[in-house]
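Student: Input: one structure, supplied below.
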Amino acid sequence: MTEINLLFLKLISNALGTLDFKTECLSAEQWLMLYNLSNIHHLCPTLYYGVKNIAASDENSAAVKAKWKKQAQVLCVRQTIVYSKLSEIMARFAENGLSIALLKGPILAQYYPDPYARLSGDIDLFTPVKSQYEKADEIIRNFENCVLDKAEANVSSYTIDGYTNIELHKNPFAEEKGRFFEHFSKMGCFLPDSFCKAKILDMEFLIPSSLDMAIYLVCHMAQHFVFSGFGIRHIIDLMLFLRNNRDKIDLSEFEKSLEELELLTFYRTCLLIGVKYLHFTDFSVDFDTEKYSQHADELLEDVVSAGVFGYVGHNRMQSGAVVEKAFTGESGSKGSMLRKLFPTYAAMAKRYPYCKKHPVLLPVAYISRFLFYKKSSGENISQMMKTAAQVSEISAQRLELLKKLDMLP
């Protein structure tokens, strides 16, 4: 763990009130690196609370701090507008007799020192009664300035007024997410009669039971971890939710469910990160911390480098395809990266019909493919091979970590 990453975690802890941490000044380089980290982890306003009382030592530091402050203020105002629009949507559902549930968003934001400093990527809504999905979809589409971004079997995505992003789900996990969808469904989570009404940030919502929500948060983190990566905010969300709802959660039932999902080691490792690095010291850890300590350090390195959804770089995103195949039971080796460079004959024949008629022209098709990607990406064949090697290395490291966390055999 680098010095700047450790400082980043201490300042987050300071902003959350879990650690009384003070530093007199930061260098211009530190200001810039912390500002960038706050953005890739979607923590710009939250982390600003941890640094706003630190004096800027020079003009460059002052410039970064001023930019950070302005961005934090704009994002908080935007989040306020997003929640206002959400309130309108929920009111419209209620008027039409629909029972549409909220997942995450304000449920988690209410536990932050400033709820509007927790930024929402998408507002996730869920239809416990599947027959209400079409009507809910129609209501959202009828909002002024609503754009339908995606419509699939289990989820539709919308953008309202340019920055209020809504996802309407039939299932909390799509079928292609494999074991998450299968186990979550079999365990009877999110059944219609398990939801309850709650007032959050002066808005009325239908929300999951505390146990279901806790299981969902761990599954959601694990899903992102497998398919690209997840950021430190996901662990903050989990720790804040558990801290404020532990009296409503049967811990033994919670851990039994995670064991069935093969996520108990993953959860305990995340919990240890929260205690050790985010200073949630009021948690009692009743398992062998030595067993999970090395896992926690390795996972934290991955989490901090990944950013909020693993979007920190193209190679990282590419590695997700390899890890996903291994997790879902398909090939996840270095060979699968070579397969990206040299697809199967069947795949090539589909894209280049002349291969189907004249198989001997397969090498010509490979050259055409390389030339196409060279033109579109600006990389030559040597660079493509180097990229593939880097992706393969990242994939191998992440697959090894999955095995250590008992998420892969």
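Residues in the structure tokens are named by chain (A, B, ... in the order shown) and by number from 1 within that chain; ligands are numbered from 1 in the order shown.
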Run DSSP on the backbone and tell me which residues of stretch 149-365 of chain A come out as strand (DSSP E); list them as a PDB file with N, CA and C atoms, in the first residue's frame.
Tutor:
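The result, stored in states-v8.pdb:
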```pdb
ATOM      1  N   ASP A 149     -32.334   4.541 -22.121  1.00  0.00           N
ATOM      2  CA  ASP A 149     -30.966   4.177 -22.511  1.00  0.00           C
ATOM      3  C   ASP A 149     -30.837   2.708 -22.878  1.00  0.00           C
ATOM      4  N   LYS A 150     -31.603   1.855 -22.173  1.00  0.00           N
ATOM      5  CA  LYS A 150     -31.475   0.415 -22.389  1.00  0.00           C
ATOM      6  C   LYS A 150     -32.755  -0.267 -21.938  1.00  0.00           C
ATOM      7  N   ALA A 151     -33.190  -1.251 -22.708  1.00  0.00           N
ATOM      8  CA  ALA A 151     -34.361  -2.043 -22.319  1.00  0.00           C
ATOM      9  C   ALA A 151     -34.042  -3.509 -22.549  1.00  0.00           C
ATOM     10  N   VAL A 155     -34.009  -5.572 -16.900  1.00  0.00           N
ATOM     11  CA  VAL A 155     -33.694  -4.213 -16.434  1.00  0.00           C
ATOM     12  C   VAL A 155     -33.873  -3.204 -17.567  1.00  0.00           C
ATOM     13  N   SER A 156     -34.360  -2.028 -17.200  1.00  0.00           N
ATOM     14  CA  SER A 156     -34.415  -0.897 -18.131  1.00  0.00           C
ATOM     15  C   SER A 156     -33.694   0.279 -17.482  1.00  0.00           C
ATOM     16  N   SER A 157     -32.980   1.046 -18.311  1.00  0.00           N
ATOM     17  CA  SER A 157     -32.219   2.200 -17.810  1.00  0.00           C
ATOM     18  C   SER A 157     -32.727   3.467 -18.477  1.00  0.00           C
ATOM     19  N   TYR A 158     -32.812   4.533 -17.689  1.00  0.00           N
ATOM     20  CA  TYR A 158     -33.342   5.804 -18.181  1.00  0.00           C
ATOM     21  C   TYR A 158     -32.465   6.952 -17.673  1.00  0.00           C
ATOM     22  N   THR A 159     -32.452   8.036 -18.441  1.00  0.00           N
ATOM     23  CA  THR A 159     -31.825   9.278 -17.998  1.00  0.00           C
ATOM     24  C   THR A 159     -32.869  10.382 -18.084  1.00  0.00           C
ATOM     25  N   ILE A 160     -33.088  11.088 -16.978  1.00  0.00           N
ATOM     26  CA  ILE A 160     -34.065  12.180 -16.932  1.00  0.00           C
ATOM     27  C   ILE A 160     -33.315  13.490 -16.698  1.00  0.00           C
ATOM     28  N   THR A 164     -30.184  12.483 -14.086  1.00  0.00           N
ATOM     29  CA  THR A 164     -30.841  11.587 -13.134  1.00  0.00           C
ATOM     30  C   THR A 164     -30.949  10.221 -13.800  1.00  0.00           C
ATOM     31  N   ASN A 165     -30.097   9.289 -13.371  1.00  0.00           N
ATOM     32  CA  ASN A 165     -30.025   7.962 -13.989  1.00  0.00           C
ATOM     33  C   ASN A 165     -30.806   6.958 -13.142  1.00  0.00           C
ATOM     34  N   ILE A 166     -31.773   6.316 -13.774  1.00  0.00           N
ATOM     35  CA  ILE A 166     -32.646   5.366 -13.095  1.00  0.00           C
ATOM     36  C   ILE A 166     -32.485   3.989 -13.723  1.00  0.00           C
ATOM     37  N   GLU A 167     -32.415   2.960 -12.891  1.00  0.00           N
ATOM     38  CA  GLU A 167     -32.472   1.584 -13.382  1.00  0.00           C
ATOM     39  C   GLU A 167     -33.641   0.889 -12.708  1.00  0.00           C
ATOM     40  N   LEU A 168     -34.527   0.305 -13.515  1.00  0.00           N
ATOM     41  CA  LEU A 168     -35.689  -0.422 -13.012  1.00  0.00           C
ATOM     42  C   LEU A 168     -35.435  -1.911 -13.223  1.00  0.00           C
ATOM     43  N   HIS A 169     -35.418  -2.669 -12.116  1.00  0.00           N
ATOM     44  CA  HIS A 169     -35.051  -4.088 -12.159  1.00  0.00           C
ATOM     45  C   HIS A 169     -36.246  -5.005 -11.896  1.00  0.00           C
ATOM     46  N   CYS A 196     -40.683  -3.225   3.543  1.00  0.00           N
ATOM     47  CA  CYS A 196     -41.420  -2.390   4.487  1.00  0.00           C
ATOM     48  C   CYS A 196     -41.290  -0.918   4.088  1.00  0.00           C
ATOM     49  N   LYS A 197     -42.218  -0.093   4.567  1.00  0.00           N
ATOM     50  CA  LYS A 197     -42.179   1.333   4.261  1.00  0.00           C
ATOM     51  C   LYS A 197     -41.261   2.055   5.245  1.00  0.00           C
ATOM     52  N   ALA A 198     -40.569   3.064   4.729  1.00  0.00           N
ATOM     53  CA  ALA A 198     -39.664   3.844   5.585  1.00  0.00           C
ATOM     54  C   ALA A 198     -39.564   5.263   5.059  1.00  0.00           C
ATOM     55  N   LYS A 199     -39.348   6.193   5.971  1.00  0.00           N
ATOM     56  CA  LYS A 199     -39.142   7.594   5.583  1.00  0.00           C
ATOM     57  C   LYS A 199     -37.659   7.893   5.671  1.00  0.00           C
ATOM     58  N   ILE A 200     -37.088   8.248   4.535  1.00  0.00           N
ATOM     59  CA  ILE A 200     -35.652   8.499   4.451  1.00  0.00           C
ATOM     60  C   ILE A 200     -35.437   9.829   3.743  1.00  0.00           C
ATOM     61  N   MET A 203     -38.420  11.471   2.412  1.00  0.00           N
ATOM     62  CA  MET A 203     -39.098  10.801   1.299  1.00  0.00           C
ATOM     63  C   MET A 203     -39.619   9.447   1.756  1.00  0.00           C
ATOM     64  N   GLU A 204     -40.760   9.029   1.208  1.00  0.00           N
ATOM     65  CA  GLU A 204     -41.343   7.738   1.536  1.00  0.00           C
ATOM     66  C   GLU A 204     -40.837   6.686   0.551  1.00  0.00           C
ATOM     67  N   PHE A 205     -40.331   5.568   1.094  1.00  0.00           N
ATOM     68  CA  PHE A 205     -39.819   4.501   0.237  1.00  0.00           C
ATOM     69  C   PHE A 205     -40.302   3.141   0.726  1.00  0.00           C
ATOM     70  N   LEU A 206     -40.316   2.194  -0.192  1.00  0.00           N
ATOM     71  CA  LEU A 206     -40.454   0.787   0.145  1.00  0.00           C
ATOM     72  C   LEU A 206     -39.050   0.215   0.097  1.00  0.00           C
ATOM     73  N   ILE A 207     -38.590  -0.394   1.189  1.00  0.00           N
ATOM     74  CA  ILE A 207     -37.196  -0.852   1.246  1.00  0.00           C
ATOM     75  C   ILE A 207     -37.119  -2.315   1.678  1.00  0.00           C
TER      76      ILE A 207
END
```
Student: Please report as JSON lines every residue of stretch 84-178 of chain A lying within 8 Å of stretch 35-51 of chain A, along with the nearest atom pair and their distance in Å (one decimal), using only C-alpha atoms.
Tutor:
```
{"residue": "A:Asp114", "atom": "CA", "partner": "A:Thr46", "partner_atom": "CA", "distance": 7.7}
{"residue": "A:Ala117", "atom": "CA", "partner": "A:Pro45", "partner_atom": "CA", "distance": 5.1}
{"residue": "A:Arg118", "atom": "CA", "partner": "A:Thr46", "partner_atom": "CA", "distance": 6.6}
{"residue": "A:Leu119", "atom": "CA", "partner": "A:His42", "partner_atom": "CA", "distance": 6.6}
```
Student: List every residue of stretch 178-399 of chain A that DSSP, applied to the backbone of this structure, places in helix (DSSP H, G or I), and write the result as an MDAnalysis selection string.
Tutor: chainID A and resid 179:186 192:194 210:227 232:248 251:260 264:276 289:306 314:327 334:341 345:351 353:357 359:377 381:399
Student: Within 10 Å of A:His224, counting only C-alpha atoms, which residues qualify if same-chain residues fewer than 3 places away don't, as a count of residues only?
Tutor: 13
Student: Could you tell me which of A:Ser209, A:Ser257, A:Asn14, A:Asn96 comes closest to A:His183 if we count only C-alpha atoms?
Tutor: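 Nearest candidate to A:His183 out of A:Ser209, A:Ser257, A:Asn14, A:Asn96: A:Ser257.
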Student: Find the spatial neighbours of A:Phe93, counting only C-alpha atoms, within a cut-off of 9 Å - ignore same-chain residues fewer than 4 positions away - and output them as a PyMOL selection string.
Tutor: chain A and resi 88-89+97-100+135-136+139
Student: Based on the selection just made, write N, CA and C atoms of those residues as a PDB file, in the first residue's frame.
Tutor:
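The result, written out as out-v5.pdb:
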```pdb
ATOM      1  N   GLU A  88     -40.370  12.617  -6.871  1.00  0.00           N
ATOM      2  CA  GLU A  88     -41.480  12.751  -7.822  1.00  0.00           C
ATOM      3  C   GLU A  88     -41.855  11.396  -8.418  1.00  0.00           C
ATOM      4  N   ILE A  89     -40.845  10.613  -8.767  1.00  0.00           N
ATOM      5  CA  ILE A  89     -41.095   9.297  -9.369  1.00  0.00           C
ATOM      6  C   ILE A  89     -41.821   8.388  -8.388  1.00  0.00           C
ATOM      7  N   GLY A  97     -50.843   3.188  -7.426  1.00  0.00           N
ATOM      8  CA  GLY A  97     -50.987   1.959  -6.648  1.00  0.00           C
ATOM      9  C   GLY A  97     -49.878   0.953  -6.829  1.00  0.00           C
ATOM     10  N   LEU A  98     -48.696   1.410  -7.213  1.00  0.00           N
ATOM     11  CA  LEU A  98     -47.558   0.501  -7.428  1.00  0.00           C
ATOM     12  C   LEU A  98     -46.678   0.416  -6.188  1.00  0.00           C
ATOM     13  N   SER A  99     -46.171  -0.776  -5.928  1.00  0.00           N
ATOM     14  CA  SER A  99     -45.244  -0.997  -4.807  1.00  0.00           C
ATOM     15  C   SER A  99     -43.849  -1.226  -5.382  1.00  0.00           C
ATOM     16  N   ILE A 100     -43.147  -0.146  -5.649  1.00  0.00           N
ATOM     17  CA  ILE A 100     -41.805  -0.216  -6.235  1.00  0.00           C
ATOM     18  C   ILE A 100     -40.787   0.075  -5.136  1.00  0.00           C
ATOM     19  N   LYS A 135     -46.035  -1.208 -15.976  1.00  0.00           N
ATOM     20  CA  LYS A 135     -46.651   0.067 -15.596  1.00  0.00           C
ATOM     21  C   LYS A 135     -45.601   1.020 -15.026  1.00  0.00           C
ATOM     22  N   ALA A 136     -44.691   0.497 -14.213  1.00  0.00           N
ATOM     23  CA  ALA A 136     -43.619   1.333 -13.656  1.00  0.00           C
ATOM     24  C   ALA A 136     -42.738   1.877 -14.774  1.00  0.00           C
ATOM     25  N   ILE A 139     -44.557   4.718 -16.504  1.00  0.00           N
ATOM     26  CA  ILE A 139     -44.570   5.948 -15.693  1.00  0.00           C
ATOM     27  C   ILE A 139     -43.245   6.698 -15.816  1.00  0.00           C
TER      28      ILE A 139
END
```
Student: Would you pick out the contacts of A:Leu272 at 8 Å or less, using only C-alpha atoms, so that residues sharing its chain but fewer than 3 positions from it are not included, and give the list as a list in words?
Tutor: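 Using only C-alpha atoms, the neighbours found are Arg268, Thr269, Val275, Lys276, Val285, Thr289, Tyr292, Ser293 and Ala296 of chain A.
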Student: State, in Å with one decimal place, the distance from atom CA of A:Ala347 to atom CA of A:Glu152.
Tutor: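 Between atom CA of A:Ala347 and atom CA of A:Glu152 the gap works out to 24.8 Å.
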Student: Taking a cut-off of 10 Å and counting only C-alpha atoms, can you build a table that, for each residue of stretch 277-296 of chain A near stretch 239-249 of chain A, reports the nearest atom pair and how far apart they are in Å (one decimal), sorted by chain then residue number, as a tab-separated table?
Tutor:
```
residue	atom	partner	partner_atom	distance
A:Leu278	CA	A:Met239	CA	9.1
A:Phe280	CA	A:Met239	CA	7.5
A:Asp282	CA	A:Arg243	CA	8.3
A:Phe283	CA	A:Arg243	CA	7.6
```
Student: Only C-alpha atoms, please: the residues just picked out, written as a PDB file, in the first residue's frame.
Tutor:
```
ATOM      1  CA  LEU A 278     -11.402   2.756   7.704  1.00  0.00           C
ATOM      2  CA  PHE A 280     -14.751   1.253  12.228  1.00  0.00           C
ATOM      3  CA  ASP A 282     -16.751  -0.254  17.181  1.00  0.00           C
ATOM      4  CA  PHE A 283     -17.230  -3.537  15.268  1.00  0.00           C
TER       5      PHE A 283
END
```
Student: Just checking: using only C-alpha atoms, which residue out of A:Gln110, A:Ser27, A:Ser120, A:Asn60 ends up closest to A:Gln79?
Tutor: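 Checking each of A:Gln110, A:Ser27, A:Ser120, A:Asn60 against A:Gln79, counting only C-alpha atoms, the winner is A:Ser120.
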Student: Identify, on the basis of only C-alpha atoms, every residue whose closest approach to stretch 314-319 of chain A does not exceed 10 Å; exclude the query and any residue fewer than 3 positions from it along the same chain; express the result as an MDAnalysis selection string.
Tutor: chainID A and resid 226:229 305:306 309:311 322:324 332 337 387:399
Student: How about saving the chosen residues, N, CA and C atoms kept, as a PDB file, in the first residue's frame?
Tutor:
```pdb
ATOM      1  N   VAL A 226     -15.923  -9.403  -9.367  1.00  0.00           N
ATOM      2  CA  VAL A 226     -15.691 -10.438 -10.373  1.00  0.00           C
ATOM      3  C   VAL A 226     -15.621  -9.847 -11.774  1.00  0.00           C
ATOM      4  N   PHE A 227     -16.561  -8.984 -12.101  1.00  0.00           N
ATOM      5  CA  PHE A 227     -16.703  -8.567 -13.487  1.00  0.00           C
ATOM      6  C   PHE A 227     -15.857  -7.355 -13.879  1.00  0.00           C
ATOM      7  N   SER A 228     -15.303  -6.624 -12.934  1.00  0.00           N
ATOM      8  CA  SER A 228     -14.371  -5.537 -13.279  1.00  0.00           C
ATOM      9  C   SER A 228     -13.640  -5.006 -12.048  1.00  0.00           C
ATOM     10  N   GLY A 229     -14.354  -4.884 -10.947  1.00  0.00           N
ATOM     11  CA  GLY A 229     -13.741  -4.376  -9.726  1.00  0.00           C
ATOM     12  C   GLY A 229     -14.696  -3.464  -8.988  1.00  0.00           C
ATOM     13  N   SER A 305      -6.887   0.427  -6.378  1.00  0.00           N
ATOM     14  CA  SER A 305      -6.398   0.618  -7.749  1.00  0.00           C
ATOM     15  C   SER A 305      -7.527   0.534  -8.771  1.00  0.00           C
ATOM     16  N   ALA A 306      -8.638  -0.139  -8.415  1.00  0.00           N
ATOM     17  CA  ALA A 306      -9.719  -0.379  -9.382  1.00  0.00           C
ATOM     18  C   ALA A 306     -10.590   0.838  -9.613  1.00  0.00           C
ATOM     19  N   PHE A 309     -15.900   1.188 -10.099  1.00  0.00           N
ATOM     20  CA  PHE A 309     -16.391  -0.007 -10.785  1.00  0.00           C
ATOM     21  C   PHE A 309     -15.301  -0.664 -11.628  1.00  0.00           C
ATOM     22  N   GLY A 310     -14.055  -0.427 -11.251  1.00  0.00           N
ATOM     23  CA  GLY A 310     -12.963  -0.998 -12.033  1.00  0.00           C
ATOM     24  C   GLY A 310     -12.719  -0.265 -13.332  1.00  0.00           C
ATOM     25  N   TYR A 311     -13.195   0.991 -13.419  1.00  0.00           N
ATOM     26  CA  TYR A 311     -13.084   1.746 -14.663  1.00  0.00           C
ATOM     27  C   TYR A 311     -11.777   2.515 -14.782  1.00  0.00           C
ATOM     28  N   VAL A 322     -11.973 -11.984 -18.864  1.00  0.00           N
ATOM     29  CA  VAL A 322     -11.278 -13.236 -18.562  1.00  0.00           C
ATOM     30  C   VAL A 322     -11.719 -13.774 -17.201  1.00  0.00           C
ATOM     31  N   VAL A 323     -11.765 -12.881 -16.206  1.00  0.00           N
ATOM     32  CA  VAL A 323     -12.155 -13.288 -14.853  1.00  0.00           C
ATOM     33  C   VAL A 323     -13.602 -13.770 -14.842  1.00  0.00           C
ATOM     34  N   GLU A 324     -14.455 -13.081 -15.587  1.00  0.00           N
ATOM     35  CA  GLU A 324     -15.871 -13.466 -15.653  1.00  0.00           C
ATOM     36  C   GLU A 324     -16.023 -14.884 -16.181  1.00  0.00           C
ATOM     37  N   GLY A 332     -10.636 -19.307 -18.268  1.00  0.00           N
ATOM     38  CA  GLY A 332     -10.201 -18.010 -17.756  1.00  0.00           C
ATOM     39  C   GLY A 332      -8.695 -17.917 -17.711  1.00  0.00           C
ATOM     40  N   MET A 337      -6.902 -15.044 -23.434  1.00  0.00           N
ATOM     41  CA  MET A 337      -6.444 -13.758 -23.949  1.00  0.00           C
ATOM     42  C   MET A 337      -5.888 -13.930 -25.363  1.00  0.00           C
ATOM     43  N   THR A 387      -0.335  -5.256 -24.871  1.00  0.00           N
ATOM     44  CA  THR A 387      -1.579  -5.013 -24.140  1.00  0.00           C
ATOM     45  C   THR A 387      -2.189  -6.321 -23.674  1.00  0.00           C
ATOM     46  N   ALA A 388      -2.214  -7.307 -24.583  1.00  0.00           N
ATOM     47  CA  ALA A 388      -2.778  -8.614 -24.235  1.00  0.00           C
ATOM     48  C   ALA A 388      -2.013  -9.249 -23.077  1.00  0.00           C
ATOM     49  N   ALA A 389      -0.675  -9.093 -23.078  1.00  0.00           N
ATOM     50  CA  ALA A 389       0.146  -9.643 -21.990  1.00  0.00           C
ATOM     51  C   ALA A 389      -0.166  -8.951 -20.669  1.00  0.00           C
ATOM     52  N   GLN A 390      -0.350  -7.622 -20.719  1.00  0.00           N
ATOM     53  CA  GLN A 390      -0.677  -6.868 -19.499  1.00  0.00           C
ATOM     54  C   GLN A 390      -2.047  -7.268 -18.963  1.00  0.00           C
ATOM     55  N   VAL A 391      -3.004  -7.416 -19.869  1.00  0.00           N
ATOM     56  CA  VAL A 391      -4.346  -7.842 -19.465  1.00  0.00           C
ATOM     57  C   VAL A 391      -4.295  -9.233 -18.854  1.00  0.00           C
ATOM     58  N   SER A 392      -3.498 -10.095 -19.476  1.00  0.00           N
ATOM     59  CA  SER A 392      -3.352 -11.459 -18.972  1.00  0.00           C
ATOM     60  C   SER A 392      -2.751 -11.470 -17.567  1.00  0.00           C
ATOM     61  N   GLU A 393      -1.774 -10.589 -17.326  1.00  0.00           N
ATOM     62  CA  GLU A 393      -1.138 -10.511 -16.007  1.00  0.00           C
ATOM     63  C   GLU A 393      -2.127 -10.020 -14.949  1.00  0.00           C
ATOM     64  N   ILE A 394      -2.893  -8.978 -15.293  1.00  0.00           N
ATOM     65  CA  ILE A 394      -3.907  -8.465 -14.365  1.00  0.00           C
ATOM     66  C   ILE A 394      -4.937  -9.546 -14.072  1.00  0.00           C
ATOM     67  N   SER A 395      -5.354 -10.256 -15.122  1.00  0.00           N
ATOM     68  CA  SER A 395      -6.350 -11.327 -14.961  1.00  0.00           C
ATOM     69  C   SER A 395      -5.839 -12.416 -14.037  1.00  0.00           C
ATOM     70  N   ALA A 396      -4.573 -12.822 -14.247  1.00  0.00           N
ATOM     71  CA  ALA A 396      -3.990 -13.886 -13.418  1.00  0.00           C
ATOM     72  C   ALA A 396      -3.947 -13.468 -11.946  1.00  0.00           C
ATOM     73  N   GLN A 397      -3.578 -12.215 -11.689  1.00  0.00           N
ATOM     74  CA  GLN A 397      -3.522 -11.711 -10.307  1.00  0.00           C
ATOM     75  C   GLN A 397      -4.906 -11.701  -9.670  1.00  0.00           C
ATOM     76  N   ARG A 398      -5.909 -11.271 -10.437  1.00  0.00           N
ATOM     77  CA  ARG A 398      -7.268 -11.199  -9.902  1.00  0.00           C
ATOM     78  C   ARG A 398      -7.861 -12.601  -9.703  1.00  0.00           C
ATOM     79  N   LEU A 399      -7.544 -13.525 -10.603  1.00  0.00           N
ATOM     80  CA  LEU A 399      -8.029 -14.907 -10.449  1.00  0.00           C
ATOM     81  C   LEU A 399      -7.416 -15.555  -9.213  1.00  0.00           C
TER      82      LEU A 399
END
```
Student: With only C-alpha atoms as the atoms that count, which of A:Leu9, A:Ala109, A:Leu402, A:Val77 lies nearest to A:Gly274?
Tutor: A:Leu9
Student: Report the distance between atom CA of A:Leu263 and atom CA of A:Asp297 in Å, rounded to one decimal place.
Tutor: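 Atom-to-atom, atom CA of A:Leu263 to atom CA of A:Asp297, that is 17.5 Å.
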